[in-house]
>>> print(open('work_35.txt').read())   # compact mmCIF, C-alpha atoms and all ligand atoms
# COMPACT_ATOMS: atom_id res chain seq x y z
CA MET O 3 -23.34 -16.07 -11.03
CA ALA O 4 -20.06 -17.93 -11.25
CA THR O 5 -18.63 -19.39 -8.12
CA VAL O 6 -15.65 -21.72 -8.38
CA VAL O 7 -15.09 -24.29 -5.67
CA LEU O 8 -12.07 -26.57 -5.46
CA LYS O 9 -12.37 -29.49 -3.07
CA ASN O 10 -9.37 -31.64 -2.18
CA VAL O 11 -7.92 -31.06 -5.64
CA LYS O 12 -4.70 -32.91 -6.30
CA LYS O 13 -2.49 -33.17 -9.36
CA ILE O 14 -0.05 -35.99 -9.92
CA TYR O 15 1.76 -35.77 -13.25
CA ASN O 16 2.91 -38.86 -15.12
CA GLY O 17 6.09 -39.92 -13.46
CA GLY O 18 4.67 -39.26 -10.02
CA VAL O 19 5.37 -35.54 -9.59
CA VAL O 20 2.78 -34.21 -7.13
CA ALA O 21 2.33 -30.65 -8.39
CA VAL O 22 -0.71 -29.77 -6.27
CA HIS O 23 -1.59 -31.29 -2.90
CA ASP O 24 -5.13 -31.17 -1.56
CA PHE O 25 -6.12 -27.70 -2.76
CA ASN O 26 -9.26 -26.30 -1.11
CA LEU O 27 -10.71 -22.94 -2.06
CA SER O 28 -14.10 -21.28 -2.48
CA ILE O 29 -14.06 -18.44 -4.99
CA LYS O 30 -17.01 -16.08 -4.80
CA ASP O 31 -19.01 -14.77 -7.73
CA LYS O 32 -17.22 -11.81 -9.39
CA GLU O 33 -14.26 -12.15 -7.09
CA PHE O 34 -10.74 -11.37 -8.34
CA ILE O 35 -8.52 -14.14 -6.99
CA VAL O 36 -4.76 -14.19 -7.48
CA PHE O 37 -2.59 -17.32 -7.20
CA VAL O 38 0.93 -16.24 -6.33
CA GLY O 39 4.10 -18.09 -5.40
CA PRO O 40 7.57 -18.95 -6.61
CA SER O 41 8.26 -20.83 -9.83
CA GLY O 42 7.09 -24.42 -9.76
CA CYS O 43 4.67 -24.06 -6.82
CA GLY O 44 1.70 -25.29 -8.89
CA LYS O 45 -0.08 -22.06 -9.88
CA SER O 46 -0.46 -22.84 -13.58
CA THR O 47 -1.32 -26.46 -12.91
CA THR O 48 -4.19 -25.40 -10.63
CA LEU O 49 -5.46 -22.83 -13.12
CA ARG O 50 -5.25 -25.32 -15.98
CA MET O 51 -7.26 -27.86 -13.99
CA ILE O 52 -9.99 -25.23 -13.53
CA ALA O 53 -9.97 -24.38 -17.25
CA GLY O 54 -9.99 -28.05 -18.24
CA LEU O 55 -6.57 -28.06 -19.90
CA GLU O 56 -5.18 -30.52 -17.39
CA ASP O 57 -6.80 -33.64 -15.89
CA ILE O 58 -7.68 -33.51 -12.21
CA SER O 59 -6.02 -36.46 -10.42
CA GLU O 60 -8.19 -36.29 -7.30
CA GLY O 61 -10.90 -34.07 -5.89
CA THR O 62 -13.46 -31.89 -7.66
CA VAL O 63 -13.74 -28.52 -9.35
CA GLU O 64 -17.23 -27.00 -9.32
CA ILE O 65 -18.30 -24.03 -11.40
CA ASP O 66 -21.64 -22.63 -10.30
CA GLY O 67 -22.28 -25.72 -8.24
CA VAL O 68 -21.71 -28.13 -11.16
CA VAL O 69 -18.78 -30.54 -11.01
CA VAL O 70 -16.84 -29.91 -14.21
CA ASN O 71 -14.12 -32.57 -13.85
CA ASP O 72 -15.35 -34.45 -16.92
CA LEU O 73 -16.36 -31.46 -19.04
CA GLN O 74 -14.31 -30.41 -22.06
CA PRO O 75 -12.65 -26.98 -21.79
CA LYS O 76 -15.08 -25.52 -24.32
CA ASP O 77 -18.06 -26.66 -22.25
CA ARG O 78 -16.83 -25.09 -19.02
CA ASN O 79 -17.42 -21.50 -20.07
CA VAL O 80 -13.96 -20.46 -18.96
CA SER O 81 -11.70 -18.10 -20.94
CA MET O 82 -7.98 -18.22 -20.66
CA VAL O 83 -5.24 -15.68 -21.43
CA PHE O 84 -1.69 -17.02 -21.48
CA GLN O 85 1.69 -15.44 -21.04
CA ASN O 86 2.54 -16.35 -24.62
CA TYR O 87 -0.55 -14.91 -26.23
CA ALA O 88 -0.11 -16.48 -29.65
CA LEU O 89 -2.07 -14.23 -32.00
CA TYR O 90 -2.58 -15.35 -35.60
CA PRO O 91 -0.04 -13.24 -37.52
CA HIS O 92 -1.89 -13.42 -40.84
CA LEU O 93 -5.21 -12.24 -39.36
CA THR O 94 -6.19 -8.67 -38.51
CA VAL O 95 -6.87 -7.66 -34.92
CA TYR O 96 -10.60 -7.87 -35.69
CA GLU O 97 -10.31 -11.40 -37.07
CA ASN O 98 -8.08 -12.49 -34.20
CA MET O 99 -10.78 -11.45 -31.78
CA ALA O 100 -13.61 -12.85 -33.90
CA PHE O 101 -11.88 -16.20 -34.30
CA PRO O 102 -13.18 -17.98 -31.17
CA LEU O 103 -16.70 -16.79 -31.99
CA ARG O 104 -16.54 -18.14 -35.54
CA LEU O 105 -15.66 -21.55 -34.07
CA LEU O 106 -18.94 -21.74 -32.14
CA LYS O 107 -21.19 -24.38 -33.72
CA HIS O 108 -24.31 -24.84 -31.60
CA PRO O 109 -25.67 -22.33 -32.28
CA LYS O 110 -23.56 -20.61 -34.88
CA MET O 111 -23.04 -16.92 -34.17
CA SER O 112 -24.22 -14.41 -36.76
CA ASN O 113 -21.79 -11.94 -38.30
CA ASP O 114 -23.78 -9.09 -36.78
CA GLU O 115 -23.47 -10.56 -33.32
CA ILE O 116 -19.73 -11.15 -33.82
CA TYR O 117 -19.32 -7.54 -35.00
CA GLN O 118 -21.19 -6.30 -31.91
CA ARG O 119 -19.04 -8.27 -29.52
CA VAL O 120 -15.68 -7.55 -31.11
CA THR O 121 -16.30 -3.81 -31.41
CA GLU O 122 -17.62 -3.65 -27.84
CA ALA O 123 -14.54 -5.45 -26.47
CA ALA O 124 -12.24 -3.28 -28.60
CA LYS O 125 -13.91 -0.17 -27.19
CA ILE O 126 -13.41 -1.33 -23.60
CA LEU O 127 -9.77 -2.14 -24.30
CA GLY O 128 -9.08 1.01 -26.29
CA ILE O 129 -7.97 -0.80 -29.45
CA THR O 130 -10.75 0.23 -31.84
CA GLN O 131 -8.32 2.13 -34.07
CA TYR O 132 -6.18 -0.99 -34.55
CA LEU O 133 -8.90 -3.43 -35.63
CA THR O 134 -7.72 -3.54 -39.24
CA ARG O 135 -4.01 -3.93 -38.40
CA LYS O 136 -2.00 -7.13 -38.25
CA PRO O 137 -0.43 -8.05 -34.88
CA LYS O 138 3.11 -7.41 -36.08
CA ASN O 139 2.25 -3.73 -36.43
CA LEU O 140 1.28 -3.40 -32.75
CA SER O 141 3.27 -2.76 -29.59
CA GLY O 142 3.60 -5.47 -26.94
CA GLY O 143 0.95 -3.85 -24.76
CA GLN O 144 -1.47 -3.52 -27.67
CA ARG O 145 -0.96 -7.17 -28.61
CA GLN O 146 -1.61 -8.17 -25.02
CA ARG O 147 -4.87 -6.24 -25.13
CA VAL O 148 -5.91 -8.10 -28.28
CA ALA O 149 -5.23 -11.38 -26.48
CA ILE O 150 -7.40 -10.23 -23.58
CA GLY O 151 -10.05 -9.08 -26.06
CA ARG O 152 -10.07 -12.50 -27.71
CA ALA O 153 -10.87 -14.03 -24.32
CA MET O 154 -13.39 -11.31 -23.42
CA VAL O 155 -15.69 -11.67 -26.45
CA ARG O 156 -16.75 -15.09 -25.29
CA ASP O 157 -18.92 -13.99 -22.40
CA SER O 158 -17.43 -16.59 -20.14
CA LYS O 159 -18.29 -17.19 -16.53
CA VAL O 160 -14.70 -17.38 -15.38
CA PHE O 161 -11.77 -15.40 -16.74
CA CYS O 162 -8.42 -17.12 -16.17
CA MET O 163 -5.12 -15.34 -16.78
CA ASP O 164 -1.72 -17.00 -16.48
CA GLU O 165 1.08 -14.42 -16.09
CA PRO O 166 -0.44 -12.24 -18.82
CA LEU O 167 1.95 -9.34 -18.22
CA SER O 168 5.27 -11.07 -17.75
CA ASN O 169 6.39 -10.55 -21.36
CA LEU O 170 6.06 -6.78 -21.06
CA ASP O 171 8.67 -4.29 -19.92
CA ALA O 172 8.35 -2.79 -16.42
CA LYS O 173 6.63 0.42 -17.49
CA LEU O 174 4.10 -1.27 -19.72
CA ARG O 175 3.45 -3.85 -17.02
CA ASN O 176 2.51 -1.09 -14.55
CA GLN O 177 0.25 0.49 -17.13
CA MET O 178 -1.46 -2.81 -18.05
CA ARG O 179 -1.89 -3.62 -14.37
CA ALA O 180 -3.91 -0.45 -13.94
CA GLU O 181 -5.87 -1.32 -17.08
CA ILE O 182 -6.74 -4.75 -15.74
CA ILE O 183 -8.13 -3.08 -12.62
CA LEU O 184 -10.34 -0.89 -14.85
CA LEU O 185 -11.25 -3.82 -17.09
CA ARG O 186 -12.33 -5.80 -14.08
CA LYS O 187 -14.78 -3.04 -13.13
CA ARG O 188 -16.29 -3.10 -16.62
CA ILE O 189 -16.64 -6.83 -17.16
CA GLN O 190 -18.40 -8.25 -14.20
CA THR O 191 -17.10 -11.78 -14.02
CA THR O 192 -15.00 -14.03 -11.81
CA PHE O 193 -11.26 -13.62 -12.35
CA ILE O 194 -8.50 -16.07 -11.49
CA TYR O 195 -5.10 -14.54 -12.11
CA VAL O 196 -1.72 -16.27 -11.82
CA THR O 197 1.50 -14.40 -11.18
CA HIS O 198 4.80 -14.80 -9.35
CA ASP O 199 4.93 -11.04 -8.77
CA GLN O 200 3.83 -10.01 -5.30
CA THR O 201 3.12 -6.43 -6.42
CA GLU O 202 0.67 -7.66 -9.05
CA ALA O 203 -0.94 -9.94 -6.49
CA MET O 204 -1.30 -7.16 -3.92
CA THR O 205 -2.67 -4.57 -6.34
CA LEU O 206 -5.08 -6.78 -8.31
CA GLY O 207 -6.45 -9.33 -5.90
CA ASP O 208 -9.57 -9.12 -3.76
CA ARG O 209 -7.99 -12.15 -2.16
CA ILE O 210 -4.57 -13.68 -2.67
CA VAL O 211 -3.72 -17.37 -2.52
CA ILE O 212 -0.06 -17.77 -1.61
CA MET O 213 1.36 -21.14 -2.69
CA LYS O 214 4.55 -23.07 -2.04
CA ASP O 215 5.49 -26.56 -3.25
CA GLY O 216 1.90 -27.35 -4.25
CA PHE O 217 0.44 -26.30 -0.88
CA ILE O 218 -1.62 -23.25 -0.02
CA MET O 219 0.28 -21.23 2.56
CA GLN O 220 -2.39 -18.61 3.18
CA VAL O 221 -5.53 -17.14 1.65
CA GLY O 222 -6.48 -13.59 2.49
CA THR O 223 -7.02 -10.02 1.38
CA PRO O 224 -3.87 -8.05 0.53
CA VAL O 225 -4.08 -6.25 3.88
CA GLU O 226 -4.50 -9.51 5.81
CA VAL O 227 -1.53 -11.27 4.25
CA PHE O 228 0.66 -8.19 4.69
CA ASP O 229 -0.32 -7.39 8.27
CA ARG O 230 -0.98 -10.89 9.50
CA PRO O 231 1.18 -13.34 7.60
CA GLY O 232 0.43 -16.84 8.86
CA ASN O 233 4.00 -18.00 8.59
CA LEU O 234 7.49 -16.88 7.71
CA PHE O 235 7.16 -17.90 4.05
CA VAL O 236 4.20 -15.56 3.49
CA ALA O 237 5.87 -12.83 5.54
CA GLU O 238 8.98 -12.92 3.37
CA PHE O 239 7.17 -13.41 0.06
CA ILE O 240 4.84 -10.42 0.43
CA GLY O 241 6.57 -7.05 0.63
CA ALA O 242 9.80 -5.83 -0.96
CA PRO O 243 12.56 -5.66 0.12
CA LYS O 244 11.66 -8.70 2.19
CA MET O 245 11.01 -8.66 5.91
CA ASN O 246 14.05 -8.62 8.21
CA THR O 247 14.16 -11.56 10.59
CA PHE O 248 16.41 -12.36 13.47
CA LEU O 249 16.44 -14.55 16.50
CA ALA O 250 15.39 -12.66 19.58
CA ARG O 251 14.26 -13.26 23.09
CA LEU O 252 10.66 -12.30 23.83
CA GLU O 253 10.42 -11.43 27.52
CA ARG O 254 7.22 -11.10 29.50
CA LYS O 255 6.97 -9.04 32.66
CA GLY O 256 3.37 -9.12 33.86
CA GLY O 257 1.24 -7.55 31.14
CA GLU O 258 4.27 -5.91 29.50
CA TYR O 259 6.60 -7.41 26.93
CA TYR O 260 9.89 -6.52 25.34
CA VAL O 261 12.29 -8.18 22.90
CA GLU O 262 16.01 -8.48 23.32
CA ALA O 263 18.28 -8.81 20.31
CA PHE O 264 21.86 -7.80 19.61
CA GLY O 265 22.12 -5.83 22.80
CA GLY O 266 18.97 -3.87 22.04
CA LYS O 267 15.87 -4.01 24.20
CA LEU O 268 12.70 -2.96 22.41
CA PRO O 269 9.51 -2.48 24.43
CA ILE O 270 6.18 -3.84 23.17
CA LYS O 271 3.23 -1.82 24.33
CA GLY O 272 -0.44 -1.26 23.64
CA GLU O 273 -2.52 -3.50 21.40
CA LYS O 274 0.33 -5.87 20.54
CA ALA O 275 1.16 -6.50 24.20
CA LYS O 276 -2.51 -7.19 24.81
CA GLU O 277 -2.67 -9.63 21.89
CA LEU O 278 0.38 -11.50 23.21
CA ALA O 279 -1.08 -11.62 26.71
CA ASP O 280 -4.49 -12.75 25.43
CA LYS O 281 -2.80 -15.65 23.64
CA GLY O 282 -1.00 -16.51 26.88
CA ILE O 283 2.43 -16.17 25.29
CA ASP O 284 5.23 -16.33 27.86
CA SER O 285 8.92 -15.53 27.66
CA ARG O 286 10.49 -17.52 24.83
CA THR O 287 12.87 -17.40 21.92
CA VAL O 288 11.26 -16.19 18.71
CA LEU O 289 12.15 -15.37 15.18
CA LEU O 290 11.39 -11.66 15.18
CA GLY O 291 10.24 -10.13 11.90
CA VAL O 292 10.20 -6.42 11.09
CA ARG O 293 9.66 -5.03 7.60
CA PRO O 294 12.38 -2.67 6.29
CA GLU O 295 9.92 0.23 6.14
CA HIS O 296 8.91 -0.36 9.75
CA MET O 297 12.35 -0.11 11.32
CA THR O 298 12.93 3.17 13.12
CA PHE O 299 16.34 4.70 13.11
CA SER O 300 18.23 7.32 15.04
CA ASP O 301 21.66 8.72 14.30
CA LYS O 302 22.34 9.03 18.02
CA PRO O 303 22.68 6.16 20.47
CA ALA O 304 19.71 5.68 22.76
CA GLU O 305 18.65 3.27 25.47
CA GLY O 306 17.57 -0.08 24.04
CA LEU O 307 18.31 0.62 20.34
CA ILE O 308 20.50 -1.78 18.33
CA PRO O 309 23.74 -0.17 17.13
CA CYS O 310 24.30 -1.09 13.45
CA GLU O 311 26.85 -0.23 10.83
CA ILE O 312 25.82 0.94 7.38
CA GLN O 313 27.28 -1.27 4.64
CA VAL O 314 25.49 -0.06 1.54
CA ASN O 315 23.30 2.98 0.95
CA GLU O 316 20.94 2.90 -2.01
CA MET O 317 19.32 6.19 -2.88
CA MET O 318 16.05 5.38 -4.62
CA GLY O 319 14.86 8.97 -4.87
CA SER O 320 11.85 9.02 -2.60
CA GLU O 321 13.48 6.50 -0.27
CA LEU O 322 16.86 5.62 1.06
CA HIS O 323 17.55 1.90 1.48
CA LEU O 324 20.25 1.14 4.01
CA HIS O 325 21.83 -2.29 4.25
CA VAL O 326 23.26 -2.54 7.74
CA LEU O 327 25.09 -5.06 9.91
CA THR O 328 24.14 -5.71 13.52
CA PRO O 329 26.83 -5.97 16.20
CA GLU O 330 28.65 -9.23 16.68
CA VAL O 331 27.18 -11.68 19.08
CA PRO O 332 29.98 -12.77 21.43
CA GLU O 333 31.28 -16.20 20.37
CA GLY O 334 29.93 -19.07 22.41
CA THR O 335 27.16 -17.14 24.09
CA PHE O 336 24.57 -17.75 21.35
CA GLY O 337 23.21 -14.32 22.04
CA SER O 338 20.18 -14.67 24.19
CA LEU O 339 19.65 -18.40 23.53
CA SER O 340 19.98 -20.90 26.32
CA GLU O 341 22.50 -23.65 25.64
CA GLU O 342 19.66 -26.13 25.25
CA GLU O 343 17.90 -23.95 22.69
CA ALA O 344 21.12 -23.42 20.81
CA LYS O 345 21.30 -27.18 20.13
CA ASN O 346 18.05 -26.98 18.18
CA PRO O 347 19.02 -27.40 14.52
CA ALA O 348 16.55 -24.67 13.58
CA TYR O 349 18.96 -22.11 14.87
CA ALA O 350 21.63 -23.36 12.55
CA GLU O 351 19.55 -21.66 9.85
CA ASP O 352 20.44 -18.36 11.43
CA LYS O 353 24.11 -19.00 10.89
CA GLU O 354 25.30 -15.44 11.27
CA PHE O 355 23.77 -15.45 14.70
CA LEU O 356 25.29 -18.69 15.91
CA ALA O 357 28.69 -18.11 14.42
CA GLY O 358 28.96 -15.10 16.64
CA GLY O 359 28.70 -13.17 13.43
CA ARG O 360 26.66 -10.21 12.35
CA LYS O 361 23.21 -10.17 10.83
CA LYS O 362 22.28 -8.16 7.74
CA LEU O 363 19.19 -5.98 7.94
CA ILE O 364 17.59 -3.57 5.50
CA VAL O 365 16.02 -0.27 6.50
CA ARG O 366 13.83 1.88 4.25
CA ILE O 367 13.74 5.55 5.11
CA PRO O 368 11.54 8.11 3.30
CA THR O 369 13.93 10.83 2.15
CA VAL O 370 11.48 13.66 2.94
CA ASN O 371 12.12 12.92 6.62
CA LEU O 372 15.87 13.47 6.26
CA THR O 373 17.82 16.70 6.50
CA GLU O 374 20.48 17.47 3.89
CA GLN O 375 23.11 16.79 6.49
CA GLN O 376 21.63 13.39 7.41
CA ARG O 377 21.54 12.40 3.74
CA ALA O 378 25.20 13.29 3.42
CA GLU O 379 26.11 11.35 6.55
CA LEU O 380 24.16 8.12 6.05
CA ILE O 381 26.94 6.39 4.17
CA PRO O 382 28.88 3.12 4.53
CA GLY O 383 30.84 2.90 7.76
CA LYS O 384 28.51 5.15 9.74
CA GLU O 385 26.90 3.76 12.88
CA ILE O 386 23.13 4.12 13.27
CA TYR O 387 20.75 2.92 15.96
CA LEU O 388 17.77 0.81 15.05
CA GLY O 389 14.55 -0.01 16.76
CA ALA O 390 10.97 -0.98 15.99
CA GLU O 391 7.68 -0.37 17.67
CA GLY O 392 5.79 -3.33 19.03
CA LYS O 393 2.89 -2.81 16.64
CA VAL O 394 5.02 -3.62 13.58
CA MET O 395 6.70 -6.70 15.07
CA HIS O 396 5.91 -10.21 13.87
CA PHE O 397 6.74 -13.21 16.02
CA PHE O 398 7.40 -16.58 14.45
CA THR O 399 8.23 -19.93 15.98
CA ALA O 400 11.66 -21.21 15.06
CA ASP O 401 11.20 -24.99 15.02
CA ALA O 402 13.51 -27.00 12.82
CA GLY O 403 12.14 -27.96 9.43
CA LYS O 404 8.72 -26.52 10.22
CA LEU O 405 6.87 -23.64 8.67
CA LYS O 406 7.75 -21.10 11.32
CA THR O 407 4.20 -20.18 12.18
CA ASN O 408 3.15 -16.74 13.29
CA LEU O 409 2.69 -17.03 17.06
CA LEU O 410 -0.28 -14.67 17.02
CA TYR O 411 -2.00 -15.38 13.73
CA GLY O 412 -1.00 -18.95 12.88
CA PRO O 413 -1.86 -20.49 9.54
CA GLY O 414 -5.26 -19.62 8.13
CA GLU O 415 -7.99 -22.26 8.17
CA GLU O 416 -7.47 -23.07 4.51
CA ALA O 417 -3.75 -23.54 5.02
CA GLU O 418 -4.35 -25.85 7.90
CA ALA O 419 -6.94 -27.87 6.02
CA SER O 420 -4.61 -28.05 3.05
CA MET O 421 -1.56 -29.14 4.95
CA ALA O 422 -3.26 -31.57 7.30
CA SER O 423 -3.05 -34.23 4.60
N1 LIG O 501 3.55 -31.87 -17.82
C1 LIG O 501 4.24 -32.01 -16.68
N2 LIG O 501 4.79 -33.20 -16.32
C2 LIG O 501 5.44 -33.36 -15.17
N3 LIG O 501 5.62 -32.38 -14.27
C3 LIG O 501 5.11 -31.17 -14.56
C4 LIG O 501 4.39 -30.91 -15.77
N4 LIG O 501 4.00 -29.62 -15.77
C5 LIG O 501 4.45 -29.09 -14.62
N5 LIG O 501 5.11 -30.01 -13.88
C6 LIG O 501 5.71 -29.81 -12.55
O1 LIG O 501 4.68 -29.46 -11.64
C7 LIG O 501 5.12 -28.45 -10.75
C8 LIG O 501 4.20 -27.24 -10.83
O2 LIG O 501 4.31 -26.67 -12.10
P1 LIG O 501 3.49 -25.37 -12.52
O3 LIG O 501 3.72 -25.14 -13.97
O4 LIG O 501 2.08 -25.51 -12.08
O5 LIG O 501 4.22 -24.26 -11.65
P2 LIG O 501 4.00 -22.68 -11.62
O6 LIG O 501 3.70 -22.33 -10.21
O7 LIG O 501 3.03 -22.25 -12.65
O8 LIG O 501 5.46 -22.14 -11.96
P3 LIG O 501 5.95 -20.92 -12.92
O9 LIG O 501 5.87 -19.67 -12.06
O10 LIG O 501 7.35 -21.28 -13.23
O11 LIG O 501 5.06 -20.86 -14.12
C9 LIG O 501 6.57 -28.16 -11.12
O12 LIG O 501 7.38 -28.89 -10.26
C10 LIG O 501 6.67 -28.65 -12.54
O13 LIG O 501 7.98 -29.08 -12.84
MG MG O 502 3.19 -21.11 -14.44
>>> encode(input="work_35.txt", output="structure tokens", more="lines below")
Ligand SMILES: Nc1ncnc2c1ncn2[C@@H]1O[C@H](COP(=O)(O)OP(=O)(O)OP(=O)(O)O)[C@@H](O)[C@H]1O
Ligand SMILES: [Mg+2]
Amino acid sequence: MATVVLKNVKKIYNGGVVAVHDFNLSIKDKEFIVFVGPSGCGKSTTLRMIAGLEDISEGTVEIDGVVVNDLQPKDRNVSMVFQNYALYPHLTVYENMAFPLRLLKHPKMSNDEIYQRVTEAAKILGITQYLTRKPKNLSGGQRQRVAIGRAMVRDSKVFCMDEPLSNLDAKLRNQMRAEIILLRKRIQTTFIYVTHDQTEAMTLGDRIVIMKDGFIMQVGTPVEVFDRPGNLFVAEFIGAPKMNTFLARLERKGGEYYVEAFGGKLPIKGEKAKELADKGIDSRTVLLGVRPEHMTFSDKPAEGLIPCEIQVNEMMGSELHLHVLTPEVPEGTFGSLSEEEAKNPAYAEDKEFLAGGRKKLIVRIPTVNLTEQQRAELIPGKEIYLGAEGKVMHFFTADAGKLKTNLLYGPGEEAEASMAS
């Protein structure tokens, strides 16, 4: 059993930098939790407070129900793997892995026991054949495995990893990511993993904690944060290329809804219309979000679709990425905004829209669905017609300086608790 509970944890560095604000999270036994967010959002600071490498300014960290704020790192039973996995160059792989065990004093570990543990970890990590080598004679991926092995031998309750793969090239990173998934199945412990890479977060985490400026934005399973992002930040951070957003008018007609944007009129039917109606959402201006892979396209004009011009076509092999421009919004009309709404400074953020300009969108199209002729024709300058089904639409508020909350799913409870301070 190793649960980790953070209650109202705050970190103020010397000099007054608040790196983490009121962090609240309950990590379950054997859960794989990922902290993800842009550089400087407080991921490492939070992890280091759990491991005991950084003082906790306020609040408590509990491991298995015991407050560990005042315990030394070595007494917390937490292992840590860093991005810069400094291995001892003069020691063999075996001795690098044995090193933390040789340091144990009370009680001292026997050589037999050390041998057992190191060889067992090496077997799991597939590095048995390298045990007698020095680190300089290993590849980057093999060295990373030794660093993980050094943390594994200790039998710790919580396994913390801070960007362990970011020094590796893209191919090796993919391979090690898969290995961490396998490793996790073999060593049954609680994992806390820090990364700024949303793909790593999505593929590794049972739950993902998305952070920004020292605040938790949302906590959820990969599917939850992808399908139901609590706010625009999460929506744009998870998924690549990032979600398209544009100001639009959500119109309600009885139980039916549609959105109007750039001359297009996209109906919202079924479950989504019901969700909107259940929440009592009336006609209003929204920031509409649609992921690039969820846009539908037609090469012929059709009722309600938005006519767009292709600017750039990127052939990725299995997919075609089209960067397109929407039509111009007639100057002075602010599209579908009322004059009052247009005064709201939030809309200034959507400058292309207000300037009467054109908005850039990205569309991802699986190439298997395209004919040879279509592939040849989807090139810069060509006009295509875009739409989206209601079920893939996300609706955010567009209030100035605010988080731009998802109208349907709002911030999660944790986010609200965290940001209420
Ligand atoms: N020792 C320190 N003294 C003062 N400020 C610090 C210290 N360490 C980190 N910070 C600040 O605290 C904030 C959070 O830093 P942290 O290292 O936790 O970010 P991070 O999310 O891990 O970022 P990255 O992805 O770049 O590793 C940053 O603004 C950083 O500048
Ligand atoms: Mg960091």
>>> residues_around(input="work_35.txt", residues="Lys45 (chain O)", least_positions_apart="5", cutoff="8 Å", atoms="all atoms listed in the file", output="list in words")
Phe37, Val38, Gly39, Val196, Thr197, Met213 and Gly216 of chain O
>>> closest_residue(input="work_35.txt", among="O:Arg366, O:Arg230, O:Arg78, O:Lys214", to="Ala242 (chain O)", atoms="all atoms listed in the file")
O:Arg366
>>> closest_residue(input="work_35.txt", among="O:Ser158, O:Gln85, O:Asn176, O:Asn79", to="ligand MG 502 (chain O)", atoms="all atoms listed in the file")
O:Gln85
>>> residues_near_ligand(input="work_35.txt", ligand="ligand MG 502 (chain O)", cutoff="8 Å", atoms="all atoms listed in the file", output="number ranges by chain")
O: 41-42, 44-47, 164-165, 196-197
>>> closest_residue(input="work_35.txt", among="O:Gln200, O:Gln190, O:Ser300, O:Ser141", to="ligand LIG 501 (chain O)", atoms="all atoms listed in the file")
O:Gln200
>>> atom_distance(input="work_35.txt", atom1="CA of Val22 (chain O)", atom2="atom C6 of ligand LIG 501 (chain O)")
9.0 Å
>>> closest_residue(input="work_35.txt", among="O:Lys271, O:Arg156, O:His198, O:Lys138", to="ligand LIG 501 (chain O)", atoms="only C-alpha atoms and all ligand atoms")
O:His198
>>> residues_around(input="work_35.txt", residues="Lys173 (chain O)", least_positions_apart="6", cutoff="12 Å", atoms="all atoms listed in the file", output="list of chain:residue names")
O:Gly142, O:Gly143, O:Leu167, O:Arg179, O:Ala180
>>> atom_distance(input="work_35.txt", atom1="CA of Thr62 (chain O)", atom2="CA of Phe193 (chain O)")
19.0 Å
>>> closest_residue(input="work_35.txt", among="O:Val370, O:Val95, O:Leu103, O:Thr192", to="Ser28 (chain O)", atoms="only C-alpha atoms")
O:Thr192
>>> atom_distance(input="work_35.txt", atom1="atom N4 of ligand LIG 501 (chain O)", atom2="CA of Phe84 (chain O)")
15.0 Å
>>> axis_aligned_box(input="work_35.txt", around="ligand LIG 501 (chain O)", padding_each_side="3 Å", output="AutoDock Vina command-line options")
--center_x 5.0 --center_y -26.5 --center_z -14.0 --size_x 11.9 --size_y 19.7 --size_z 13.6
>>> residues_around(input="work_35.txt", residues="Lys187 (chain O)", least_positions_apart="6", cutoff="12 Å", atoms="all atoms listed in the file", output="ChimeraX atom specification")
/O:32-34,126,180-181,193,206
>>> closest_residue(input="work_35.txt", among="O:Gly61, O:Thr121, O:Phe217, O:Ile150", to="ligand LIG 501 (chain O)", atoms="only C-alpha atoms and all ligand atoms")
O:Phe217
>>> residues_around(input="work_35.txt", residues="Val211 (chain O)", least_positions_apart="4", cutoff="8 Å", atoms="all atoms listed in the file", output="list in words")
Ile35, Val36, Phe37, Val38, Ile218, Met219, Gln220, Val221 and Gly222 of chain O
>>> residues_near_point(input="work_35.txt", point="(7.1, -11.0, -1.3)", cutoff="10 Å", atoms="all atoms listed in the file", output="ChimeraX atom specification")
/O:38-40,198-201,203-204,212,228,235-245
>>> build_atoms(input="work_35.txt", residues="region 35-41 of chain O", atoms="N, CA and C atoms", output="PDB file, keeping the file's coordinate frame")
ATOM      1  N   ILE O  35      -9.410 -13.323  -7.811  1.00  0.00           N
ATOM      2  CA  ILE O  35      -8.520 -14.140  -6.990  1.00  0.00           C
ATOM      3  C   ILE O  35      -7.166 -14.217  -7.669  1.00  0.00           C
ATOM      4  N   VAL O  36      -6.100 -14.074  -6.908  1.00  0.00           N
ATOM      5  CA  VAL O  36      -4.760 -14.190  -7.480  1.00  0.00           C
ATOM      6  C   VAL O  36      -4.038 -15.378  -6.843  1.00  0.00           C
ATOM      7  N   PHE O  37      -3.493 -16.267  -7.691  1.00  0.00           N
ATOM      8  CA  PHE O  37      -2.590 -17.320  -7.200  1.00  0.00           C
ATOM      9  C   PHE O  37      -1.171 -16.779  -7.349  1.00  0.00           C
ATOM     10  N   VAL O  38      -0.429 -16.754  -6.257  1.00  0.00           N
ATOM     11  CA  VAL O  38       0.930 -16.240  -6.330  1.00  0.00           C
ATOM     12  C   VAL O  38       1.875 -17.181  -5.599  1.00  0.00           C
ATOM     13  N   GLY O  39       3.111 -17.227  -6.056  1.00  0.00           N
ATOM     14  CA  GLY O  39       4.100 -18.090  -5.400  1.00  0.00           C
ATOM     15  C   GLY O  39       5.288 -18.250  -6.321  1.00  0.00           C
ATOM     16  N   PRO O  40       6.358 -18.810  -5.799  1.00  0.00           N
ATOM     17  CA  PRO O  40       7.570 -18.950  -6.610  1.00  0.00           C
ATOM     18  C   PRO O  40       7.391 -19.958  -7.744  1.00  0.00           C
ATOM     19  N   SER O  41       8.314 -19.937  -8.685  1.00  0.00           N
ATOM     20  CA  SER O  41       8.260 -20.830  -9.830  1.00  0.00           C
ATOM     21  C   SER O  41       8.135 -22.279  -9.392  1.00  0.00           C
TER      22      SER O  41
END
